[in-house]
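Raw coords10.cif, mmCIF, C-alpha atoms; chains and numbers go by the auth columns:
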data_work
loop_
_atom_site.group_PDB
_atom_site.id
_atom_site.type_symbol
_atom_site.label_atom_id
_atom_site.label_comp_id
_atom_site.label_asym_id
_atom_site.label_seq_id
_atom_site.Cartn_x
_atom_site.Cartn_y
_atom_site.Cartn_z
_atom_site.B_iso_or_equiv
_atom_site.auth_seq_id
_atom_site.auth_asym_id
ATOM 1 C CA MET A 1 0.000 0.000 0.000 0.00 217 A
ATOM 2 C CA SER A 2 1.279 3.446 -0.822 0.00 218 A
ATOM 3 C CA GLN A 3 1.661 5.784 2.128 0.00 219 A
ATOM 4 C CA ALA A 4 1.354 8.858 -0.090 0.00 220 A
ATOM 5 C CA GLY A 5 -0.933 11.232 1.765 0.00 221 A
ATOM 6 C CA ALA A 6 -1.924 8.473 4.151 0.00 222 A
ATOM 7 C CA THR A 7 -1.259 10.466 7.283 0.00 223 A
ATOM 8 C CA GLY A 8 -3.289 13.561 6.574 0.00 224 A
ATOM 9 C CA ASP A 9 -1.660 16.741 7.871 0.00 225 A
ATOM 10 C CA THR A 10 1.066 15.030 9.892 0.00 226 A
ATOM 11 C CA PRO A 11 3.469 12.821 7.936 0.00 227 A
ATOM 12 C CA ALA A 12 5.165 11.756 11.199 0.00 228 A
ATOM 13 C CA LYS A 13 2.100 9.609 11.913 0.00 229 A
ATOM 14 C CA ALA A 14 3.170 7.054 9.314 0.00 230 A
ATOM 15 C CA PRO A 15 3.192 3.600 10.976 0.00 231 A
ATOM 16 C CA ARG A 16 6.570 2.077 11.722 0.00 232 A
ATOM 17 C CA THR A 17 5.461 -1.470 12.476 0.00 233 A
ATOM 18 C CA GLU A 18 3.640 -4.160 10.538 0.00 234 A
ATOM 19 C CA ARG A 19 0.807 -4.031 13.055 0.00 235 A
ATOM 20 C CA GLY A 20 0.536 -0.282 12.530 0.00 236 A
ATOM 21 C CA ARG A 21 0.453 -0.732 8.770 0.00 237 A
ATOM 22 C CA ARG A 22 -2.345 -3.292 9.105 0.00 238 A
ATOM 23 C CA THR A 23 -4.294 -0.904 11.324 0.00 239 A
ATOM 24 C CA LEU A 24 -3.871 1.934 8.862 0.00 240 A
ATOM 25 C CA ARG A 25 -4.984 -0.347 6.035 0.00 241 A
ATOM 26 C CA ALA A 26 -8.085 -1.305 8.017 0.00 242 A
ATOM 27 C CA ILE A 27 -8.935 2.354 8.617 0.00 243 A
ATOM 28 C CA LEU A 28 -8.494 3.278 4.965 0.00 244 A
ATOM 29 C CA ASP A 29 -10.602 0.308 3.826 0.00 245 A
ATOM 30 C CA ALA A 30 -13.307 1.246 6.311 0.00 246 A
ATOM 31 C CA ALA A 31 -13.151 4.863 5.154 0.00 247 A
ATOM 32 C CA ALA A 32 -13.611 3.739 1.547 0.00 248 A
ATOM 33 C CA ALA A 33 -16.739 1.827 2.532 0.00 249 A
ATOM 34 C CA GLU A 34 -18.084 4.683 4.672 0.00 250 A
ATOM 35 C CA PHE A 35 -17.459 7.475 2.174 0.00 251 A
ATOM 36 C CA GLY A 36 -18.552 5.276 -0.714 0.00 252 A
ATOM 37 C CA ALA A 37 -21.868 4.425 0.911 0.00 253 A
ATOM 38 C CA ARG A 38 -22.710 7.692 2.666 0.00 254 A
ATOM 39 C CA GLY A 39 -20.764 10.408 0.893 0.00 255 A
ATOM 40 C CA PHE A 40 -18.340 12.778 2.576 0.00 256 A
ATOM 41 C CA HIS A 41 -20.804 14.978 4.446 0.00 257 A
ATOM 42 C CA ASP A 42 -22.888 12.151 5.924 0.00 258 A
ATOM 43 C CA ALA A 43 -19.931 9.901 6.680 0.00 259 A
ATOM 44 C CA SER A 44 -18.590 9.912 10.227 0.00 260 A
ATOM 45 C CA ILE A 45 -15.408 9.029 12.029 0.00 261 A
ATOM 46 C CA GLY A 46 -17.540 6.823 14.269 0.00 262 A
ATOM 47 C CA GLY A 47 -18.731 4.871 11.257 0.00 263 A
ATOM 48 C CA ILE A 48 -15.159 4.445 10.070 0.00 264 A
ATOM 49 C CA THR A 49 -13.814 3.273 13.416 0.00 265 A
ATOM 50 C CA LYS A 50 -16.704 0.865 13.923 0.00 266 A
ATOM 51 C CA ALA A 51 -16.164 -0.724 10.501 0.00 267 A
ATOM 52 C CA ALA A 52 -12.401 -0.860 11.057 0.00 268 A
ATOM 53 C CA GLY A 53 -12.785 -2.365 14.524 0.00 269 A
ATOM 54 C CA VAL A 54 -10.614 0.271 16.181 0.00 270 A
ATOM 55 C CA ALA A 55 -11.116 2.822 18.927 0.00 271 A
ATOM 56 C CA ALA A 56 -11.501 6.536 18.219 0.00 272 A
ATOM 57 C CA GLY A 57 -8.137 7.145 19.845 0.00 273 A
ATOM 58 C CA THR A 58 -6.525 4.761 17.383 0.00 274 A
ATOM 59 C CA PHE A 59 -8.031 6.707 14.497 0.00 275 A
ATOM 60 C CA TYR A 60 -6.487 9.924 15.792 0.00 276 A
ATOM 61 C CA THR A 61 -3.133 8.217 16.024 0.00 277 A
ATOM 62 C CA TYR A 62 -3.122 8.291 12.223 0.00 278 A
ATOM 63 C CA PHE A 63 -5.453 11.117 11.190 0.00 279 A
ATOM 64 C CA ASP A 64 -6.360 14.528 12.566 0.00 280 A
ATOM 65 C CA SER A 65 -9.854 14.730 11.092 0.00 281 A
ATOM 66 C CA LYS A 66 -12.417 13.376 8.661 0.00 282 A
ATOM 67 C CA ASP A 67 -10.965 15.697 6.026 0.00 283 A
ATOM 68 C CA ALA A 68 -7.512 14.218 6.588 0.00 284 A
ATOM 69 C CA VAL A 69 -8.621 10.605 6.174 0.00 285 A
ATOM 70 C CA PHE A 70 -10.604 11.535 3.069 0.00 286 A
ATOM 71 C CA ARG A 71 -7.568 13.230 1.542 0.00 287 A
ATOM 72 C CA ALA A 72 -5.444 10.208 2.407 0.00 288 A
ATOM 73 C CA LEU A 73 -8.043 7.892 0.890 0.00 289 A
ATOM 74 C CA VAL A 74 -8.020 9.715 -2.456 0.00 290 A
ATOM 75 C CA ALA A 75 -4.224 9.379 -2.625 0.00 291 A
ATOM 76 C CA ASP A 76 -4.410 5.753 -1.502 0.00 292 A
ATOM 77 C CA MET A 77 -7.011 4.755 -4.081 0.00 293 A
ATOM 78 C CA SER A 78 -5.066 6.495 -6.824 0.00 294 A
ATOM 79 C CA ALA A 79 -1.950 4.556 -5.804 0.00 295 A
ATOM 80 C CA ARG A 80 -3.860 1.270 -5.615 0.00 296 A
ATOM 81 C CA VAL A 81 -5.170 1.691 -9.155 0.00 297 A
ATOM 82 C CA ARG A 82 -1.652 2.501 -10.355 0.00 298 A
ATOM 83 C CA ASP A 83 -0.189 -0.551 -8.651 0.00 299 A
ATOM 84 C CA HIS A 84 -3.018 -2.807 -9.852 0.00 300 A
ATOM 85 C CA VAL A 85 -2.641 -1.994 -13.544 0.00 301 A
ATOM 86 C CA ALA A 86 1.156 -1.670 -13.630 0.00 302 A
ATOM 87 C CA PRO A 87 2.056 -5.387 -14.012 0.00 303 A
ATOM 88 C CA GLY A 88 -0.183 -5.833 -17.048 0.00 304 A
ATOM 89 C CA ILE A 89 1.197 -2.698 -18.662 0.00 305 A
ATOM 90 C CA ARG A 90 4.796 -3.778 -18.067 0.00 306 A
ATOM 91 C CA ALA A 91 4.185 -7.273 -19.439 0.00 307 A
ATOM 92 C CA ALA A 92 2.581 -6.069 -22.687 0.00 308 A
ATOM 93 C CA PRO A 93 4.564 -6.602 -25.900 0.00 309 A
ATOM 94 C CA ASP A 94 3.852 -3.149 -27.337 0.00 310 A
ATOM 95 C CA GLN A 95 2.175 0.122 -26.414 0.00 311 A
ATOM 96 C CA ILE A 96 -1.279 -0.558 -27.836 0.00 312 A
ATOM 97 C CA ALA A 97 -1.296 -3.859 -25.953 0.00 313 A
ATOM 98 C CA ALA A 98 -0.135 -1.970 -22.856 0.00 314 A
ATOM 99 C CA GLU A 99 -3.038 0.468 -23.080 0.00 315 A
ATOM 100 C CA ARG A 100 -5.386 -2.465 -23.574 0.00 316 A
ATOM 101 C CA ALA A 101 -4.005 -4.189 -20.482 0.00 317 A
ATOM 102 C CA GLY A 102 -4.181 -0.977 -18.485 0.00 318 A
ATOM 103 C CA LEU A 103 -7.843 -0.444 -19.312 0.00 319 A
ATOM 104 C CA ALA A 104 -8.743 -4.069 -18.605 0.00 320 A
ATOM 105 C CA GLY A 105 -6.983 -3.874 -15.260 0.00 321 A
ATOM 106 C CA PHE A 106 -8.695 -0.593 -14.427 0.00 322 A
ATOM 107 C CA ILE A 107 -12.198 -1.848 -15.191 0.00 323 A
ATOM 108 C CA GLY A 108 -11.485 -4.992 -13.203 0.00 324 A
ATOM 109 C CA PHE A 109 -10.416 -2.857 -10.245 0.00 325 A
ATOM 110 C CA VAL A 110 -13.493 -0.669 -10.548 0.00 326 A
ATOM 111 C CA ARG A 111 -15.831 -3.652 -10.555 0.00 327 A
ATOM 112 C CA ALA A 112 -14.347 -4.698 -7.223 0.00 328 A
ATOM 113 C CA HIS A 113 -14.227 -1.154 -5.821 0.00 329 A
ATOM 114 C CA LYS A 114 -17.192 0.731 -7.252 0.00 330 A
ATOM 115 C CA GLU A 115 -16.950 3.307 -4.481 0.00 331 A
ATOM 116 C CA ILE A 116 -13.888 4.819 -6.151 0.00 332 A
ATOM 117 C CA TYR A 117 -16.005 6.917 -8.503 0.00 333 A
ATOM 118 C CA ARG A 118 -18.074 8.514 -5.740 0.00 334 A
ATOM 119 C CA ILE A 119 -14.970 9.214 -3.683 0.00 335 A
ATOM 120 C CA ILE A 120 -12.928 10.716 -6.519 0.00 336 A
ATOM 121 C CA ASP A 121 -15.893 12.743 -7.781 0.00 337 A
ATOM 122 C CA GLU A 122 -16.543 14.186 -4.312 0.00 338 A
ATOM 123 C CA ALA A 123 -12.889 15.111 -4.025 0.00 339 A
ATOM 124 C CA GLU A 124 -13.484 17.792 -6.658 0.00 340 A
ATOM 125 C CA PHE A 125 -15.441 19.735 -4.024 0.00 341 A
ATOM 126 C CA VAL A 126 -14.083 18.380 -0.735 0.00 342 A
ATOM 127 C CA ASP A 127 -10.382 18.617 -1.605 0.00 343 A
ATOM 128 C CA PRO A 128 -9.781 20.022 -5.099 0.00 344 A
ATOM 129 C CA ALA A 129 -6.010 19.647 -4.782 0.00 345 A
ATOM 130 C CA SER A 130 -6.318 15.873 -4.269 0.00 346 A
ATOM 131 C CA TYR A 131 -8.786 15.636 -7.140 0.00 347 A
ATOM 132 C CA ARG A 132 -6.451 17.458 -9.495 0.00 348 A
ATOM 133 C CA ALA A 133 -3.412 15.498 -8.311 0.00 349 A
ATOM 134 C CA HIS A 134 -5.191 12.200 -8.984 0.00 350 A
ATOM 135 C CA TYR A 135 -5.847 13.002 -12.623 0.00 351 A
ATOM 136 C CA ALA A 136 -2.670 14.988 -13.250 0.00 352 A
ATOM 137 C CA SER A 137 -0.436 12.189 -11.970 0.00 353 A
ATOM 138 C CA THR A 138 -2.338 9.605 -14.002 0.00 354 A
ATOM 139 C CA ALA A 139 -2.027 11.695 -17.164 0.00 355 A
ATOM 140 C CA GLN A 140 1.676 12.204 -16.496 0.00 356 A
ATOM 141 C CA ARG A 141 2.262 8.448 -16.320 0.00 357 A
ATOM 142 C CA ILE A 142 0.369 7.916 -19.572 0.00 358 A
ATOM 143 C CA THR A 143 2.327 10.719 -21.252 0.00 359 A
ATOM 144 C CA GLN A 144 5.628 9.209 -20.168 0.00 360 A
ATOM 145 C CA ARG A 145 4.814 5.752 -21.453 0.00 361 A
ATOM 146 C CA LEU A 146 3.457 7.119 -24.747 0.00 362 A
ATOM 147 C CA GLN A 147 6.612 9.125 -25.299 0.00 363 A
ATOM 148 C CA ALA A 148 8.758 6.102 -24.476 0.00 364 A
ATOM 149 C CA ALA A 149 6.715 4.096 -26.973 0.00 365 A
ATOM 150 C CA ALA A 150 7.208 6.826 -29.593 0.00 366 A
ATOM 151 C CA ALA A 151 10.945 6.588 -29.074 0.00 367 A
ATOM 152 C CA ARG A 152 10.666 2.847 -29.773 0.00 368 A
ATOM 153 C CA GLY A 153 8.683 3.522 -32.930 0.00 369 A
ATOM 154 C CA GLU A 154 5.499 1.890 -31.606 0.00 370 A
ATOM 155 C CA VAL A 155 3.234 4.968 -31.805 0.00 371 A
ATOM 156 C CA ARG A 156 3.241 8.273 -33.660 0.00 372 A
ATOM 157 C CA ASP A 157 6.181 10.501 -32.815 0.00 373 A
ATOM 158 C CA ASP A 158 4.147 13.605 -31.929 0.00 374 A
ATOM 159 C CA VAL A 159 2.374 12.144 -28.896 0.00 375 A
ATOM 160 C CA SER A 160 1.848 14.641 -26.103 0.00 376 A
ATOM 161 C CA GLU A 161 -0.140 15.140 -22.926 0.00 377 A
ATOM 162 C CA VAL A 162 -3.191 15.882 -25.095 0.00 378 A
ATOM 163 C CA HIS A 163 -3.165 12.258 -26.223 0.00 379 A
ATOM 164 C CA ALA A 164 -2.627 11.143 -22.635 0.00 380 A
ATOM 165 C CA TRP A 165 -5.602 13.111 -21.323 0.00 381 A
ATOM 166 C CA ALA A 166 -7.742 11.788 -24.186 0.00 382 A
ATOM 167 C CA ILE A 167 -6.840 8.192 -23.310 0.00 383 A
ATOM 168 C CA MET A 168 -7.467 8.819 -19.627 0.00 384 A
ATOM 169 C CA GLY A 169 -10.827 10.419 -20.334 0.00 385 A
ATOM 170 C CA MET A 170 -11.856 7.445 -22.449 0.00 386 A
ATOM 171 C CA ASN A 171 -10.788 5.042 -19.713 0.00 387 A
ATOM 172 C CA VAL A 172 -12.620 6.970 -16.992 0.00 388 A
ATOM 173 C CA PHE A 173 -15.938 6.821 -18.801 0.00 389 A
ATOM 174 C CA LEU A 174 -15.510 3.235 -19.939 0.00 390 A
ATOM 175 C CA GLY A 175 -14.844 2.377 -16.300 0.00 391 A
ATOM 176 C CA LEU A 176 -18.004 4.201 -15.270 0.00 392 A
ATOM 177 C CA ARG A 177 -20.161 2.503 -17.900 0.00 393 A
ATOM 178 C CA TYR A 178 -18.756 -1.030 -17.727 0.00 394 A
ATOM 179 C CA GLY A 179 -17.391 -1.061 -14.195 0.00 395 A
ATOM 180 C CA VAL A 180 -19.878 0.877 -12.068 0.00 396 A
ATOM 181 C CA TRP A 181 -23.157 1.127 -13.940 0.00 397 A
ATOM 182 C CA ASP A 182 -23.182 -2.380 -15.343 0.00 398 A
ATOM 183 C CA ASP A 183 -20.922 -5.350 -15.985 0.00 399 A
ATOM 184 C CA ASP A 184 -22.920 -6.704 -18.896 0.00 400 A
ATOM 185 C CA ARG A 185 -19.927 -6.830 -21.243 0.00 401 A
ATOM 186 C CA PRO A 186 -16.708 -8.804 -20.726 0.00 402 A
ATOM 187 C CA VAL A 187 -13.774 -6.668 -19.643 0.00 403 A
ATOM 188 C CA ASP A 188 -11.540 -8.057 -22.378 0.00 404 A
ATOM 189 C CA ASP A 189 -14.138 -7.180 -25.020 0.00 405 A
ATOM 190 C CA VAL A 190 -14.288 -3.558 -23.864 0.00 406 A
ATOM 191 C CA ALA A 191 -10.492 -3.317 -23.684 0.00 407 A
ATOM 192 C CA HIS A 192 -10.068 -4.878 -27.137 0.00 408 A
ATOM 193 C CA THR A 193 -12.510 -2.414 -28.717 0.00 409 A
ATOM 194 C CA ALA A 194 -10.789 0.540 -27.048 0.00 410 A
ATOM 195 C CA ALA A 195 -7.343 -0.675 -28.127 0.00 411 A
ATOM 196 C CA ALA A 196 -8.504 -1.073 -31.718 0.00 412 A
ATOM 197 C CA PHE A 197 -9.834 2.466 -31.558 0.00 413 A
ATOM 198 C CA LEU A 198 -6.449 3.737 -30.349 0.00 414 A
ATOM 199 C CA ALA A 199 -4.638 1.828 -33.067 0.00 415 A
ATOM 200 C CA LYS A 200 -6.877 2.734 -36.006 0.00 416 A
ATOM 201 C CA GLY A 201 -9.147 5.568 -34.908 0.00 417 A
ATOM 202 C CA LEU A 202 -12.442 5.868 -36.770 0.00 418 A
ATOM 203 C CA GLN A 203 -11.112 5.042 -40.202 0.00 419 A
ATOM 204 C CA PRO A 204 -13.362 2.615 -42.082 0.00 420 A
ATOM 205 C CA THR A 205 -12.497 -1.070 -41.850 0.00 421 A
ATOM 206 C CA THR A 206 -13.373 -1.610 -45.508 0.00 422 A
ATOM 207 C CA THR A 207 -12.874 0.502 -48.628 0.00 423 A
ATOM 208 C CA ARG A 208 -16.044 1.730 -50.275 0.00 424 A
ATOM 209 C CA PRO A 209 -16.359 1.196 -54.015 0.00 425 A
#

Would you mind writing the file out in structure tokens?
Amino acid sequence: MSQAGATGDTPAKAPRTERGRRTLRAILDAAAAEFGARGFHDASIGGITKAAGVAAGTFYTYFDSKDAVFRALVADMSARVRDHVAPGIRAAPDQIAAERAGLAGFIGFVRAHKEIYRIIDEAEFVDPASYRAHYASTAQRITQRLQAAAARGEVRDDVSEVHAWAIMGMNVFLGLRYGVWDDDRPVDDVAHTAAAFLAKGLQPTTTRP
């Protein structure tokens, strides 16, 4: 688990023992369930501690407030998505296959953690800096791998952050449609269609007479 932002306003609260790391993980998981089900304003520290099975004092060992745990949760979920999709991206034989694997991994993660959309969307208003950091860091990673692929001759040589944001935007809404709203289509089918779109755009598949 990434500790980025996981201690709210006081980085010194980062756990130093395995037991502490397990406790922090339990609090963050409980916070995801609480914020995902109730939203930021209706969620409570009491609800988080009850679900995590810890005392209120234990919560304050790691976080100063509900705002702090929410901010930590946004960073944590962003890191978990990154870590979840990274192996598939690294193992792909080329960049289009990497983007396909990344999308498939993302939708798979979303299906198991549907609350991520409510939490990230609320961050736009609860903590705009975390919201922006989530998307900006994701776009930066996509930009870097596209540019590396361009250097290998696998994609067009003028790729930029515009292409990265376009890919991210596509992935976000495909995750919403096929991860949160419904899972009526196989993940691999969605990822294959998106990868074909990246590779060939909207050009016709056959030549008209």

Name the residues in contact with Ala407 (chain A) at a cut-off of 12 Å, using all atoms listed in the file, excluding same-chain residues fewer than 2 positions from it; report them as a VMD selection string.
-> chain A and resid 312 to 324 386 to 387 390 to 391 394 to 395 401 to 405 409 to 414

Quick one: of A:His408, A:Arg372, A:Lys416, A:Arg287, who's nearest to Arg348 (chain A), counting all atoms listed in the file?
->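 Residue with the minimum atom-to-atom distance to Arg348 (chain A): A:Arg287.
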
Which neighbours of Glu377 (chain A) fall inside 9 Å, counting all atoms listed in the file, when residues of the same chain fewer than 6 positions from it are skipped, and could you give them as number ranges by chain?
-> A: 355-356, 358-360, 362

Using only C-alpha atoms, find each residue in region 267-323 of chain A having at least one atom no more than 10 Å away from region 333-345 of chain A; report its shortest atom-to-atom pair and that distance in Å (one decimal), rows by chain then rising number, as a tab-separated table.
residue	atom	partner	partner_atom	distance
A:Asp283	CA	A:Val342	CA	7.9
A:Ala284	CA	A:Asp343	CA	9.7
A:Phe286	CA	A:Ala339	CA	8.3
A:Arg287	CA	A:Asp343	CA	6.8
A:Leu289	CA	A:Ile335	CA	8.4
A:Val290	CA	A:Ile336	CA	6.4
A:Ala291	CA	A:Ile336	CA	9.6
A:Met293	CA	A:Ile336	CA	8.7
A:Ser294	CA	A:Ile336	CA	8.9

For the selection you just gave me, I'd like the residues written to a file as a JSON list (two decimals), in the coordinates of the input, keeping C-alpha atoms.
[["chain", "number", "residue", "atom", "x", "y", "z"],
["A", 283, "ASP", "CA", -10.96, 15.70, 6.03],
["A", 284, "ALA", "CA", -7.51, 14.22, 6.59],
["A", 286, "PHE", "CA", -10.60, 11.54, 3.07],
["A", 287, "ARG", "CA", -7.57, 13.23, 1.54],
["A", 289, "LEU", "CA", -8.04, 7.89, 0.89],
["A", 290, "VAL", "CA", -8.02, 9.72, -2.46],
["A", 291, "ALA", "CA", -4.22, 9.38, -2.62],
["A", 293, "MET", "CA", -7.01, 4.76, -4.08],
["A", 294, "SER", "CA", -5.07, 6.50, -6.82]]

Please expand the PyMOL selection byres ((chain A and resi 253) around 12) into the concrete residues it hits in this file, giving the result as a compact mmCIF listing (two decimals) with C-alpha atoms, in the frame of the given file.
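Output (expr_18.txt):
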# COMPACT_ATOMS: atom_id res chain seq x y z
CA ALA A 246 -13.31 1.25 6.31
CA ALA A 247 -13.15 4.86 5.15
CA ALA A 248 -13.61 3.74 1.55
CA ALA A 249 -16.74 1.83 2.53
CA GLU A 250 -18.08 4.68 4.67
CA PHE A 251 -17.46 7.48 2.17
CA GLY A 252 -18.55 5.28 -0.71
CA ARG A 254 -22.71 7.69 2.67
CA GLY A 255 -20.76 10.41 0.89
CA PHE A 256 -18.34 12.78 2.58
CA HIS A 257 -20.80 14.98 4.45
CA ASP A 258 -22.89 12.15 5.92
CA ALA A 259 -19.93 9.90 6.68
CA SER A 260 -18.59 9.91 10.23
CA GLY A 263 -18.73 4.87 11.26
CA ILE A 264 -15.16 4.44 10.07
CA HIS A 329 -14.23 -1.15 -5.82
CA LYS A 330 -17.19 0.73 -7.25
CA GLU A 331 -16.95 3.31 -4.48
CA ILE A 332 -13.89 4.82 -6.15
CA TYR A 333 -16.00 6.92 -8.50
CA ARG A 334 -18.07 8.51 -5.74
CA ILE A 335 -14.97 9.21 -3.68

Can you tell me how far CA of Thr354 (chain A) sits from CA of Val375 (chain A), in Å to one decimal?
-> 15.8 Å

Enter the distance from CA of Asp310 (chain A) to CA of Val371 (chain A), in Å, rounded to one decimal.
-> 9.3 Å

May I ask for the distance between CA of Ala328 (chain A) and CA of Ile243 (chain A), given in Å to one decimal place?
-> 18.2 Å

Please rebuild region 233-252 of chain A with N, CA, C and O atoms and give the result as a CSV table (one decimal), in the frame of the given file.
chain,number,residue,atom,x,y,z
A,233,THR,N,5.5,0.0,12.2
A,233,THR,CA,5.5,-1.5,12.5
A,233,THR,C,4.5,-2.1,11.5
A,233,THR,O,3.6,-1.5,11.0
A,234,GLU,N,4.6,-3.4,11.4
A,234,GLU,CA,3.6,-4.2,10.5
A,234,GLU,C,2.2,-4.1,11.1
A,234,GLU,O,1.3,-3.9,10.4
A,235,ARG,N,2.1,-4.2,12.4
A,235,ARG,CA,0.8,-4.0,13.1
A,235,ARG,C,0.2,-2.7,12.8
A,235,ARG,O,-1.0,-2.6,12.5
A,236,GLY,N,1.0,-1.6,12.8
A,236,GLY,CA,0.5,-0.3,12.5
A,236,GLY,C,0.1,-0.2,11.1
A,236,GLY,O,-0.9,0.5,10.8
A,237,ARG,N,0.8,-0.8,10.2
A,237,ARG,CA,0.5,-0.7,8.8
A,237,ARG,C,-0.9,-1.5,8.5
A,237,ARG,O,-1.7,-1.0,7.7
A,238,ARG,N,-1.1,-2.6,9.2
A,238,ARG,CA,-2.3,-3.3,9.1
A,238,ARG,C,-3.5,-2.5,9.7
A,238,ARG,O,-4.6,-2.4,9.1
A,239,THR,N,-3.3,-1.8,10.8
A,239,THR,CA,-4.3,-0.9,11.3
A,239,THR,C,-4.6,0.2,10.4
A,239,THR,O,-5.8,0.5,10.1
A,240,LEU,N,-3.6,0.9,9.8
A,240,LEU,CA,-3.9,1.9,8.9
A,240,LEU,C,-4.6,1.4,7.7
A,240,LEU,O,-5.6,2.1,7.2
A,241,ARG,N,-4.3,0.2,7.2
A,241,ARG,CA,-5.0,-0.3,6.0
A,241,ARG,C,-6.5,-0.6,6.4
A,241,ARG,O,-7.3,-0.3,5.6
A,242,ALA,N,-6.7,-1.1,7.6
A,242,ALA,CA,-8.1,-1.3,8.0
A,242,ALA,C,-8.9,0.0,8.1
A,242,ALA,O,-10.1,0.0,7.7
A,243,ILE,N,-8.2,1.1,8.5
A,243,ILE,CA,-8.9,2.4,8.6
A,243,ILE,C,-9.2,2.9,7.2
A,243,ILE,O,-10.3,3.4,6.9
A,244,LEU,N,-8.3,2.8,6.3
A,244,LEU,CA,-8.5,3.3,5.0
A,244,LEU,C,-9.6,2.5,4.3
A,244,LEU,O,-10.4,3.0,3.5
A,245,ASP,N,-9.6,1.1,4.4
A,245,ASP,CA,-10.6,0.3,3.8
A,245,ASP,C,-12.0,0.7,4.4
A,245,ASP,O,-13.0,0.7,3.7
A,246,ALA,N,-12.0,0.9,5.7
A,246,ALA,CA,-13.3,1.2,6.3
A,246,ALA,C,-13.8,2.6,5.8
A,246,ALA,O,-15.0,2.9,5.6
A,247,ALA,N,-12.8,3.5,5.7
A,247,ALA,CA,-13.2,4.9,5.2
A,247,ALA,C,-13.7,4.8,3.7
A,247,ALA,O,-14.6,5.5,3.4
A,248,ALA,N,-13.1,3.9,2.9
A,248,ALA,CA,-13.6,3.7,1.5
A,248,ALA,C,-15.1,3.3,1.6
A,248,ALA,O,-15.9,3.8,0.8
A,249,ALA,N,-15.4,2.3,2.4
A,249,ALA,CA,-16.7,1.8,2.5
A,249,ALA,C,-17.7,2.9,3.1
A,249,ALA,O,-18.8,3.1,2.5
A,250,GLU,N,-17.2,3.6,4.1
A,250,GLU,CA,-18.1,4.7,4.7
A,250,GLU,C,-18.3,5.8,3.7
A,250,GLU,O,-19.5,6.3,3.5
A,251,PHE,N,-17.3,6.4,3.1
A,251,PHE,CA,-17.5,7.5,2.2
A,251,PHE,C,-18.2,7.0,0.9
A,251,PHE,O,-19.0,7.8,0.3
A,252,GLY,N,-17.9,5.8,0.5
A,252,GLY,CA,-18.6,5.3,-0.7
A,252,GLY,C,-20.0,5.1,-0.5
A,252,GLY,O,-20.8,5.3,-1.5
